[in-house]
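As provided, start.cif (mmCIF, C-alpha atoms) reads as follows.
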data_work
loop_
_atom_site.group_PDB
_atom_site.id
_atom_site.type_symbol
_atom_site.label_atom_id
_atom_site.label_comp_id
_atom_site.auth_asym_id
_atom_site.auth_seq_id
_atom_site.Cartn_x
_atom_site.Cartn_y
_atom_site.Cartn_z
ATOM 1 C CA MET Z 23 2.708 34.924 -7.220
ATOM 2 C CA THR Z 24 3.146 31.216 -6.466
ATOM 3 C CA ASP Z 25 5.792 29.041 -8.020
ATOM 4 C CA PRO Z 26 4.573 26.593 -10.673
ATOM 5 C CA VAL Z 27 4.181 23.007 -9.497
ATOM 6 C CA GLU Z 28 7.086 20.847 -10.597
ATOM 7 C CA ARG Z 29 5.722 17.671 -12.129
ATOM 8 C CA HIS Z 30 7.462 14.323 -12.231
ATOM 9 C CA SER Z 31 8.667 13.043 -15.587
ATOM 10 C CA LEU Z 32 7.387 9.777 -17.048
ATOM 11 C CA LEU Z 33 10.690 8.101 -16.190
ATOM 12 C CA GLU Z 34 10.442 9.283 -12.578
ATOM 13 C CA ASP Z 35 6.891 7.963 -12.328
ATOM 14 C CA VAL Z 36 7.880 4.589 -13.803
ATOM 15 C CA GLN Z 37 10.789 4.105 -11.378
ATOM 16 C CA ALA Z 38 8.562 5.056 -8.442
ATOM 17 C CA LEU Z 39 5.940 2.499 -9.490
ATOM 18 C CA LEU Z 40 8.529 -0.244 -10.023
ATOM 19 C CA ILE Z 41 10.498 0.385 -6.825
ATOM 20 C CA GLY Z 42 7.628 1.411 -4.548
ATOM 21 C CA THR Z 43 5.625 -1.709 -5.347
ATOM 22 C CA LEU Z 44 8.746 -3.868 -5.004
ATOM 23 C CA LEU Z 45 9.277 -2.580 -1.453
ATOM 24 C CA VAL Z 46 5.645 -3.344 -0.617
ATOM 25 C CA ALA Z 47 6.010 -6.807 -2.180
ATOM 26 C CA LEU Z 48 9.002 -7.484 0.078
ATOM 27 C CA SER Z 49 6.748 -6.514 2.963
ATOM 28 C CA VAL Z 50 4.119 -8.988 1.744
ATOM 29 C CA LEU Z 51 6.798 -11.702 1.553
ATOM 30 C CA LEU Z 52 7.871 -11.076 5.145
ATOM 31 C CA LEU Z 53 4.303 -11.070 6.425
ATOM 32 C CA ARG Z 54 3.350 -14.207 4.537
ATOM 33 C CA GLN Z 55 6.389 -16.150 5.729
ATOM 34 C CA SER Z 56 5.630 -15.033 9.288
ATOM 35 C CA SER Z 57 1.891 -15.849 9.008
ATOM 36 C CA LEU Z 58 0.980 -12.228 9.698
ATOM 37 C CA LEU Z 59 -1.020 -9.643 7.791
ATOM 38 C CA THR Z 60 -1.442 -5.901 7.465
ATOM 39 C CA GLY Z 61 -4.241 -3.395 7.139
ATOM 40 C CA GLY Z 62 -5.980 -1.848 4.167
ATOM 41 C CA THR Z 63 -6.950 -3.714 1.034
ATOM 42 C CA ALA Z 64 -3.795 -5.800 1.378
ATOM 43 C CA GLY Z 65 -5.056 -6.892 4.792
ATOM 44 C CA LEU Z 66 -8.352 -7.971 3.274
ATOM 45 C CA ALA Z 67 -6.395 -9.842 0.598
ATOM 46 C CA PHE Z 68 -4.339 -11.586 3.294
ATOM 47 C CA LEU Z 69 -7.561 -12.656 5.024
ATOM 48 C CA GLY Z 70 -8.885 -14.014 1.743
ATOM 49 C CA HIS Z 71 -5.575 -15.755 1.082
ATOM 50 C CA TYR Z 72 -5.385 -17.383 4.511
ATOM 51 C CA LEU Z 73 -9.050 -18.420 4.632
ATOM 52 C CA SER Z 74 -9.435 -19.642 1.040
ATOM 53 C CA GLY Z 75 -5.929 -20.744 0.074
ATOM 54 C CA GLN Z 76 -6.088 -18.636 -3.102
ATOM 55 C CA PRO Z 77 -2.894 -16.792 -4.139
ATOM 56 C CA PHE Z 78 -2.460 -13.442 -2.413
ATOM 57 C CA GLY Z 79 -1.728 -11.662 -5.705
ATOM 58 C CA LEU Z 80 -4.926 -12.896 -7.321
ATOM 59 C CA VAL Z 81 -7.098 -11.971 -4.319
ATOM 60 C CA PHE Z 82 -5.478 -8.527 -4.049
ATOM 61 C CA PHE Z 83 -5.984 -7.799 -7.750
ATOM 62 C CA ALA Z 84 -9.642 -8.893 -7.646
ATOM 63 C CA LEU Z 85 -10.466 -6.894 -4.510
ATOM 64 C CA ASN Z 86 -9.258 -3.696 -6.134
ATOM 65 C CA LEU Z 87 -11.432 -3.956 -9.251
ATOM 66 C CA PRO Z 88 -14.464 -2.105 -7.796
ATOM 67 C CA PHE Z 89 -12.361 0.878 -6.694
ATOM 68 C CA TYR Z 90 -11.084 1.998 -10.109
ATOM 69 C CA LEU Z 91 -14.329 3.702 -11.103
ATOM 70 C CA PHE Z 92 -14.323 5.665 -7.840
ATOM 71 C CA ALA Z 93 -10.656 6.551 -8.306
ATOM 72 C CA TRP Z 94 -11.307 7.799 -11.844
ATOM 73 C CA ARG Z 95 -14.262 9.961 -10.763
ATOM 74 C CA ALA Z 96 -12.610 11.294 -7.622
ATOM 75 C CA LEU Z 97 -8.945 11.690 -8.569
ATOM 76 C CA GLY Z 98 -8.747 11.524 -12.369
ATOM 77 C CA TRP Z 99 -7.680 9.094 -15.052
ATOM 78 C CA VAL Z 100 -3.918 9.609 -14.600
ATOM 79 C CA PHE Z 101 -4.114 8.654 -10.919
ATOM 80 C CA THR Z 102 -6.331 5.696 -11.807
ATOM 81 C CA LEU Z 103 -3.958 4.380 -14.484
ATOM 82 C CA LYS Z 104 -0.977 4.707 -12.144
ATOM 83 C CA THR Z 105 -2.917 2.931 -9.397
ATOM 84 C CA PHE Z 106 -3.939 0.127 -11.748
ATOM 85 C CA ALA Z 107 -0.284 -0.279 -12.735
ATOM 86 C CA ALA Z 108 0.808 -0.316 -9.075
ATOM 87 C CA VAL Z 109 -1.821 -2.899 -8.104
ATOM 88 C CA SER Z 110 -0.882 -5.082 -11.078
ATOM 89 C CA LEU Z 111 2.826 -4.852 -10.249
ATOM 90 C CA LEU Z 112 2.271 -5.746 -6.597
ATOM 91 C CA SER Z 113 0.058 -8.684 -7.590
ATOM 92 C CA PHE Z 114 2.809 -9.941 -9.892
ATOM 93 C CA TYR Z 115 5.731 -9.239 -7.541
ATOM 94 C CA SER Z 116 4.048 -10.900 -4.572
ATOM 95 C CA GLU Z 117 3.746 -14.190 -6.458
ATOM 96 C CA TRP Z 118 7.174 -13.942 -8.135
ATOM 97 C CA LEU Z 119 9.380 -12.986 -5.182
ATOM 98 C CA PRO Z 120 9.007 -16.313 -3.297
ATOM 99 C CA SER Z 121 10.837 -17.971 -6.198
ATOM 100 C CA LEU Z 122 13.763 -15.571 -5.654
ATOM 101 C CA ILE Z 123 13.869 -15.250 -1.856
ATOM 102 C CA HIS Z 124 13.400 -17.795 0.895
ATOM 103 C CA LEU Z 125 14.215 -16.958 4.499
ATOM 104 C CA ASP Z 126 15.145 -19.931 6.697
ATOM 105 C CA HIS Z 127 14.941 -18.014 9.972
ATOM 106 C CA LEU Z 128 12.799 -14.991 10.678
ATOM 107 C CA ASN Z 129 12.054 -13.386 14.030
ATOM 108 C CA THR Z 130 8.330 -12.723 13.875
ATOM 109 C CA ALA Z 131 8.351 -9.432 15.795
ATOM 110 C CA PHE Z 132 11.217 -8.057 13.724
ATOM 111 C CA SER Z 133 9.471 -9.260 10.573
ATOM 112 C CA ALA Z 134 6.314 -7.363 11.531
ATOM 113 C CA VAL Z 135 8.162 -4.080 12.118
ATOM 114 C CA LEU Z 136 10.403 -4.382 9.049
ATOM 115 C CA ALA Z 137 7.427 -5.282 6.875
ATOM 116 C CA GLY Z 138 5.607 -2.195 8.142
ATOM 117 C CA LEU Z 139 8.561 0.094 7.462
ATOM 118 C CA LEU Z 140 9.058 -1.328 3.962
ATOM 119 C CA ALA Z 141 5.369 -0.992 3.142
ATOM 120 C CA GLY Z 142 5.238 2.555 4.481
ATOM 121 C CA THR Z 143 8.267 3.598 2.436
ATOM 122 C CA GLY Z 144 6.903 1.977 -0.710
ATOM 123 C CA LEU Z 145 3.485 3.576 -0.237
ATOM 124 C CA LEU Z 146 5.097 6.956 0.370
ATOM 125 C CA MET Z 147 6.872 6.688 -2.992
ATOM 126 C CA LEU Z 148 3.583 5.885 -4.701
ATOM 127 C CA ILE Z 149 1.688 8.695 -2.953
ATOM 128 C CA ARG Z 150 4.314 11.245 -3.949
ATOM 129 C CA HIS Z 151 3.915 10.169 -7.568
ATOM 130 C CA ARG Z 152 0.119 10.416 -7.494
ATOM 131 C CA ALA Z 153 -0.549 6.680 -7.267
ATOM 132 C CA SER Z 154 -1.729 4.231 -4.640
ATOM 133 C CA LEU Z 155 -2.413 0.553 -4.119
ATOM 134 C CA GLY Z 156 -6.114 1.137 -4.568
ATOM 135 C CA GLY Z 157 -8.930 0.173 -2.280
ATOM 136 C CA LEU Z 158 -9.087 2.013 1.023
ATOM 137 C CA GLY Z 159 -5.955 3.960 0.127
ATOM 138 C CA VAL Z 160 -7.904 5.664 -2.678
ATOM 139 C CA LEU Z 161 -10.540 6.811 -0.219
ATOM 140 C CA ALA Z 162 -7.922 8.044 2.260
ATOM 141 C CA LEU Z 163 -6.089 10.034 -0.419
ATOM 142 C CA TYR Z 164 -9.344 11.480 -1.721
ATOM 143 C CA LEU Z 165 -10.352 12.710 1.740
ATOM 144 C CA GLN Z 166 -6.878 14.178 2.283
ATOM 145 C CA GLU Z 167 -6.959 15.974 -1.079
ATOM 146 C CA ARG Z 168 -10.496 17.330 -0.622
ATOM 147 C CA HIS Z 169 -10.723 17.942 3.115
ATOM 148 C CA GLY Z 170 -7.130 18.000 4.389
ATOM 149 C CA TRP Z 171 -7.634 14.944 6.586
ATOM 150 C CA ARG Z 172 -4.385 13.074 7.232
ATOM 151 C CA ALA Z 173 -4.215 9.957 5.051
ATOM 152 C CA GLY Z 174 -2.076 8.142 7.617
ATOM 153 C CA LYS Z 175 -4.636 8.605 10.393
ATOM 154 C CA LEU Z 176 -7.545 7.581 8.177
ATOM 155 C CA GLN Z 177 -5.705 4.487 7.056
ATOM 156 C CA MET Z 178 -4.840 3.595 10.641
ATOM 157 C CA ALA Z 179 -8.509 3.705 11.664
ATOM 158 C CA ALA Z 180 -9.464 1.386 8.800
ATOM 159 C CA ASP Z 181 -6.536 -0.887 9.590
ATOM 160 C CA CYS Z 182 -7.727 -1.338 13.170
ATOM 161 C CA LEU Z 183 -11.066 -2.663 11.946
ATOM 162 C CA ILE Z 184 -9.459 -5.011 9.448
ATOM 163 C CA LEU Z 185 -6.939 -6.304 11.974
ATOM 164 C CA LEU Z 186 -9.742 -7.097 14.381
ATOM 165 C CA GLY Z 187 -11.167 -9.282 11.645
ATOM 166 C CA ALA Z 188 -7.812 -11.048 11.497
ATOM 167 C CA LEU Z 189 -8.864 -13.004 14.584
ATOM 168 C CA LEU Z 190 -10.815 -15.167 12.143
ATOM 169 C CA ALA Z 191 -7.582 -16.388 10.551
ATOM 170 C CA LEU Z 192 -4.742 -15.850 13.029
ATOM 171 C CA PRO Z 193 -4.048 -16.519 16.701
ATOM 172 C CA ALA Z 194 -4.188 -13.509 19.016
ATOM 173 C CA ALA Z 195 -0.380 -13.241 19.162
ATOM 174 C CA GLY Z 196 -0.217 -13.033 15.378
ATOM 175 C CA VAL Z 197 -2.872 -10.309 15.334
ATOM 176 C CA LEU Z 198 -0.971 -8.286 17.940
ATOM 177 C CA LEU Z 199 2.230 -8.496 15.914
ATOM 178 C CA SER Z 200 0.298 -7.594 12.765
ATOM 179 C CA ILE Z 201 -0.971 -4.491 14.569
ATOM 180 C CA LEU Z 202 2.621 -3.604 15.464
ATOM 181 C CA GLY Z 203 3.574 -3.828 11.792
ATOM 182 C CA ALA Z 204 0.592 -1.726 10.717
ATOM 183 C CA MET Z 205 1.551 0.934 13.266
ATOM 184 C CA ALA Z 206 5.095 1.046 11.865
ATOM 185 C CA MET Z 207 3.730 1.454 8.332
ATOM 186 C CA ASN Z 208 1.323 4.234 9.246
ATOM 187 C CA MET Z 209 3.978 6.014 11.301
ATOM 188 C CA VAL Z 210 6.138 6.325 8.180
ATOM 189 C CA ILE Z 211 3.247 7.750 6.163
ATOM 190 C CA ALA Z 212 1.900 10.059 8.880
ATOM 191 C CA ILE Z 213 5.311 11.605 9.614
ATOM 192 C CA ASN Z 214 6.549 11.904 6.036
ATOM 193 C CA HIS Z 215 3.417 12.817 4.082
ATOM 194 C CA ARG Z 216 1.557 15.970 5.090
ATOM 195 C CA PRO Z 217 -0.677 18.156 2.904
ATOM 196 C CA GLY Z 218 1.323 20.987 1.322
ATOM 197 C CA ARG Z 219 4.737 19.621 2.290
ATOM 198 C CA TYR Z 220 5.509 17.897 -1.018
ATOM 199 C CA ILE Z 221 4.521 19.762 -4.177
ATOM 200 C CA GLY Z 222 6.021 17.528 -6.879
ATOM 201 C CA MET Z 223 3.268 15.915 -8.945
#

As structure tokens, how would this structure be written, given the file I've shared?
Amino acid sequence: MTDPVERHSLLEDVQALLIGTLLVALSVLLLRQSSLLTGGTAGLAFLGHYLSGQPFGLVFFALNLPFYLFAWRALGWVFTLKTFAAVSLLSFYSEWLPSLIHLDHLNTAFSAVLAGLLAGTGLLMLIRHRASLGGLGVLALYLQERHGWRAGKLQMAADCLILLGALLALPAAGVLLSILGAMAMNMVIAINHRPGRYIGM
């Protein structure tokens, strides 16, 4: 007889959404001030931001709109609502934080790694509370849930393609450092999130 799955309370889910997205927003702040980017849907939003001049938060929110129907069909309405909340919070935080924090000196390589670690930790919180930041993350989680494929490895493959596209907006050195940051992020997820290891829902 298996033990019943222990589910997170509403309060636990709310704190995970608020804090997880805040950590990712700090990552976005570091990347933006260093003229770097990341992978996933956020990476696509960075490309749109750099190439068009539109606010990152607005581009990120708009890019995620097509994925909610897929998320609802594949992973349920609770996951979809939590993901919508997480995307909305990150869109808001990423435009609000620059009014609270300004860094006068930032080593670009350190910024890339720290941004990756912050993003990975924030995403891990969201994943463990059955939420994501939408887009490609939804697909990666779906494939992990249904087929046992590692979400971190799937995300890393997608990130490589997106970061190659970064050559349209960044110099080669910036792309290389962005890749370093993406590797740090995916390392956190791949090591700390494995199917069957964490049963809290």

Next on the checklist: Residues within 7 Å of Ala67 in chain Z, please, as a PyMOL selection string. Count only C-alpha atoms; anything in the same chain fewer than 5 positions from it doesn't count.
Outcome noted: chain Z and resi 78+81-82

Using the chain letters and numbers from the file, which residues does the PyMOL selection byres ((chain Z and resi 183-195) around 12) grab, as a PDB file with C-alpha atoms, keeping the file's coordinate frame?
ATOM      1  CA  ARG Z  54       3.350 -14.207   4.537  1.00  0.00           C
ATOM      2  CA  SER Z  56       5.630 -15.033   9.288  1.00  0.00           C
ATOM      3  CA  SER Z  57       1.891 -15.849   9.008  1.00  0.00           C
ATOM      4  CA  LEU Z  58       0.980 -12.228   9.698  1.00  0.00           C
ATOM      5  CA  LEU Z  59      -1.020  -9.643   7.791  1.00  0.00           C
ATOM      6  CA  THR Z  60      -1.442  -5.901   7.465  1.00  0.00           C
ATOM      7  CA  GLY Z  61      -4.241  -3.395   7.139  1.00  0.00           C
ATOM      8  CA  GLY Z  62      -5.980  -1.848   4.167  1.00  0.00           C
ATOM      9  CA  THR Z  63      -6.950  -3.714   1.034  1.00  0.00           C
ATOM     10  CA  ALA Z  64      -3.795  -5.800   1.378  1.00  0.00           C
ATOM     11  CA  GLY Z  65      -5.056  -6.892   4.792  1.00  0.00           C
ATOM     12  CA  LEU Z  66      -8.352  -7.971   3.274  1.00  0.00           C
ATOM     13  CA  ALA Z  67      -6.395  -9.842   0.598  1.00  0.00           C
ATOM     14  CA  PHE Z  68      -4.339 -11.586   3.294  1.00  0.00           C
ATOM     15  CA  LEU Z  69      -7.561 -12.656   5.024  1.00  0.00           C
ATOM     16  CA  GLY Z  70      -8.885 -14.014   1.743  1.00  0.00           C
ATOM     17  CA  HIS Z  71      -5.575 -15.755   1.082  1.00  0.00           C
ATOM     18  CA  TYR Z  72      -5.385 -17.383   4.511  1.00  0.00           C
ATOM     19  CA  LEU Z  73      -9.050 -18.420   4.632  1.00  0.00           C
ATOM     20  CA  SER Z  74      -9.435 -19.642   1.040  1.00  0.00           C
ATOM     21  CA  GLY Z  75      -5.929 -20.744   0.074  1.00  0.00           C
ATOM     22  CA  THR Z 130       8.330 -12.723  13.875  1.00  0.00           C
ATOM     23  CA  ALA Z 131       8.351  -9.432  15.795  1.00  0.00           C
ATOM     24  CA  ALA Z 134       6.314  -7.363  11.531  1.00  0.00           C
ATOM     25  CA  LEU Z 158      -9.087   2.013   1.023  1.00  0.00           C
ATOM     26  CA  LEU Z 176      -7.545   7.581   8.177  1.00  0.00           C
ATOM     27  CA  GLN Z 177      -5.705   4.487   7.056  1.00  0.00           C
ATOM     28  CA  MET Z 178      -4.840   3.595  10.641  1.00  0.00           C
ATOM     29  CA  ALA Z 179      -8.509   3.705  11.664  1.00  0.00           C
ATOM     30  CA  ALA Z 180      -9.464   1.386   8.800  1.00  0.00           C
ATOM     31  CA  ASP Z 181      -6.536  -0.887   9.590  1.00  0.00           C
ATOM     32  CA  CYS Z 182      -7.727  -1.338  13.170  1.00  0.00           C
ATOM     33  CA  GLY Z 196      -0.217 -13.033  15.378  1.00  0.00           C
ATOM     34  CA  VAL Z 197      -2.872 -10.309  15.334  1.00  0.00           C
ATOM     35  CA  LEU Z 198      -0.971  -8.286  17.940  1.00  0.00           C
ATOM     36  CA  LEU Z 199       2.230  -8.496  15.914  1.00  0.00           C
ATOM     37  CA  SER Z 200       0.298  -7.594  12.765  1.00  0.00           C
ATOM     38  CA  ILE Z 201      -0.971  -4.491  14.569  1.00  0.00           C
ATOM     39  CA  LEU Z 202       2.621  -3.604  15.464  1.00  0.00           C
ATOM     40  CA  GLY Z 203       3.574  -3.828  11.792  1.00  0.00           C
ATOM     41  CA  ALA Z 204       0.592  -1.726  10.717  1.00  0.00           C
ATOM     42  CA  MET Z 205       1.551   0.934  13.266  1.00  0.00           C
TER      43      MET Z 205
END

Checklist entry - Between CA of Leu165 in chain Z and CA of Arg29 in chain Z, what is the distance, to one decimal in Å? => result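 CA of Leu165 in chain Z sits 21.8 Å away from CA of Arg29 in chain Z.
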
Next on the checklist: Taking the file as I've supplied it (selection: the PyMOL selection byres ((chain Z and resi 102) around 10)), which residues are included? Please answer as an MDAnalysis selection string.
Outcome noted: chainID Z and resid 89:101 103:108 152:154 156 160

Item to check | Length of the CA of Arg172 in chain Z to CA of Phe83 in chain Z vector [Å] | outcome: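 Taking CA of Arg172 in chain Z as the start and CA of Phe83 in chain Z as the end point, the length is 25.7 Å.
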
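Here CA of His30 in chain Z is placed at a distance of 7.2 Å from CA of His151 in chain Z.
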
Next on the checklist: For the PyMOL selection byres ((chain Z and resi 144) around 6), applied here, can you spell out every residue it catches as a VMD selection string?
Outcome noted: chain Z and resid 42 45 to 46 141 to 143 145 to 147

Next on the checklist: Give me, as a PyMOL selection string, all polymer residues having an atom no more than 7 Å from Ile211 in chain Z, counting all atoms listed in the file and skipping those fewer than 3 positions away in the same chain.
Outcome noted: chain Z and resi 142+146+174+207-208+214-215

Is there a way to complete range 148-159 of chain Z with all heavy atoms and then write that out as a JSON list (two decimals), in the coordinates of the input?
[["chain", "number", "residue", "atom", "x", "y", "z"],
["Z", 148, "LEU", "N", 4.73, 5.88, -3.80],
["Z", 148, "LEU", "CA", 3.58, 5.88, -4.70],
["Z", 148, "LEU", "C", 2.73, 7.14, -4.50],
["Z", 148, "LEU", "O", 2.31, 7.77, -5.47],
["Z", 148, "LEU", "CB", 2.74, 4.63, -4.47],
["Z", 148, "LEU", "CG", 3.43, 3.30, -4.79],
["Z", 148, "LEU", "CD1", 2.51, 2.14, -4.42],
["Z", 148, "LEU", "CD2", 3.82, 3.22, -6.26],
["Z", 149, "ILE", "N", 2.50, 7.51, -3.25],
["Z", 149, "ILE", "CA", 1.69, 8.70, -2.95],
["Z", 149, "ILE", "C", 2.32, 9.94, -3.55],
["Z", 149, "ILE", "O", 1.64, 10.78, -4.14],
["Z", 149, "ILE", "CB", 1.51, 8.86, -1.43],
["Z", 149, "ILE", "CG1", 0.60, 7.76, -0.87],
["Z", 149, "ILE", "CG2", 0.95, 10.24, -1.09],
["Z", 149, "ILE", "CD1", 0.59, 7.68, 0.65],
["Z", 150, "ARG", "N", 3.63, 10.06, -3.43],
["Z", 150, "ARG", "CA", 4.31, 11.24, -3.95],
["Z", 150, "ARG", "C", 4.32, 11.30, -5.47],
["Z", 150, "ARG", "O", 4.62, 12.34, -6.05],
["Z", 150, "ARG", "CB", 5.74, 11.30, -3.40],
["Z", 150, "ARG", "CG", 5.76, 11.67, -1.92],
["Z", 150, "ARG", "CD", 7.17, 11.81, -1.39],
["Z", 150, "ARG", "NE", 7.15, 12.40, -0.05],
["Z", 150, "ARG", "CZ", 8.23, 12.66, 0.66],
["Z", 150, "ARG", "NH1", 9.43, 12.38, 0.18],
["Z", 150, "ARG", "NH2", 8.13, 13.20, 1.86],
["Z", 151, "HIS", "N", 4.01, 10.20, -6.11],
["Z", 151, "HIS", "CA", 3.92, 10.17, -7.57],
["Z", 151, "HIS", "C", 2.47, 9.98, -8.03],
["Z", 151, "HIS", "O", 2.22, 9.48, -9.12],
["Z", 151, "HIS", "CB", 4.83, 9.07, -8.13],
["Z", 151, "HIS", "CG", 6.27, 9.43, -8.05],
["Z", 151, "HIS", "ND1", 6.98, 9.94, -9.13],
["Z", 151, "HIS", "CD2", 7.15, 9.40, -7.01],
["Z", 151, "HIS", "CE1", 8.23, 10.18, -8.75],
["Z", 151, "HIS", "NE2", 8.36, 9.86, -7.48],
["Z", 152, "ARG", "N", 1.55, 10.40, -7.17],
["Z", 152, "ARG", "CA", 0.12, 10.42, -7.49],
["Z", 152, "ARG", "C", -0.38, 9.03, -7.90],
["Z", 152, "ARG", "O", -1.05, 8.84, -8.91],
["Z", 152, "ARG", "CB", -0.17, 11.42, -8.61],
["Z", 152, "ARG", "CG", 0.23, 12.84, -8.29],
["Z", 152, "ARG", "CD", -0.75, 13.50, -7.38],
["Z", 152, "ARG", "NE", -2.07, 13.63, -8.01],
["Z", 152, "ARG", "CZ", -3.17, 13.98, -7.36],
["Z", 152, "ARG", "NH1", -3.12, 14.22, -6.07],
["Z", 152, "ARG", "NH2", -4.31, 14.09, -7.98],
["Z", 153, "ALA", "N", -0.06, 8.04, -7.06],
["Z", 153, "ALA", "CA", -0.55, 6.68, -7.27],
["Z", 153, "ALA", "C", -0.83, 6.08, -5.90],
["Z", 153, "ALA", "O", -0.47, 6.65, -4.87],
["Z", 153, "ALA", "CB", 0.49, 5.84, -8.02],
["Z", 154, "SER", "N", -1.49, 4.93, -5.89],
["Z", 154, "SER", "CA", -1.73, 4.23, -4.64],
["Z", 154, "SER", "C", -1.85, 2.75, -4.94],
["Z", 154, "SER", "O", -1.70, 2.33, -6.10],
["Z", 154, "SER", "CB", -3.02, 4.73, -3.96],
["Z", 154, "SER", "OG", -4.17, 4.16, -4.57],
["Z", 155, "LEU", "N", -2.13, 1.97, -3.92],
["Z", 155, "LEU", "CA", -2.41, 0.55, -4.12],
["Z", 155, "LEU", "C", -3.91, 0.28, -4.05],
["Z", 155, "LEU", "O", -4.36, -0.80, -3.71],
["Z", 155, "LEU", "CB", -1.64, -0.29, -3.10],
["Z", 155, "LEU", "CG", -0.14, -0.34, -3.37],
["Z", 155, "LEU", "CD1", 0.60, -1.04, -2.25],
["Z", 155, "LEU", "CD2", 0.16, -1.00, -4.71],
["Z", 156, "GLY", "N", -4.68, 1.30, -4.40],
["Z", 156, "GLY", "CA", -6.11, 1.14, -4.57],
["Z", 156, "GLY", "C", -6.88, 0.98, -3.28],
["Z", 156, "GLY", "O", -6.40, 1.30, -2.19],
["Z", 157, "GLY", "N", -8.10, 0.50, -3.42],
["Z", 157, "GLY", "CA", -8.93, 0.17, -2.28],
["Z", 157, "GLY", "C", -9.10, 1.32, -1.31],
["Z", 157, "GLY", "O", -9.41, 2.46, -1.68],
["Z", 158, "LEU", "N", -8.90, 1.02, -0.03],
["Z", 158, "LEU", "CA", -9.09, 2.01, 1.02],
["Z", 158, "LEU", "C", -8.10, 3.16, 0.92],
["Z", 158, "LEU", "O", -8.38, 4.27, 1.36],
["Z", 158, "LEU", "CB", -8.97, 1.34, 2.39],
["Z", 158, "LEU", "CG", -10.03, 0.26, 2.65],
["Z", 158, "LEU", "CD1", -9.72, -0.47, 3.96],
["Z", 158, "LEU", "CD2", -11.42, 0.86, 2.69],
["Z", 159, "GLY", "N", -6.93, 2.89, 0.32],
["Z", 159, "GLY", "CA", -5.96, 3.96, 0.13],
["Z", 159, "GLY", "C", -6.49, 5.05, -0.78],
["Z", 159, "GLY", "O", -6.18, 6.23, -0.60]]
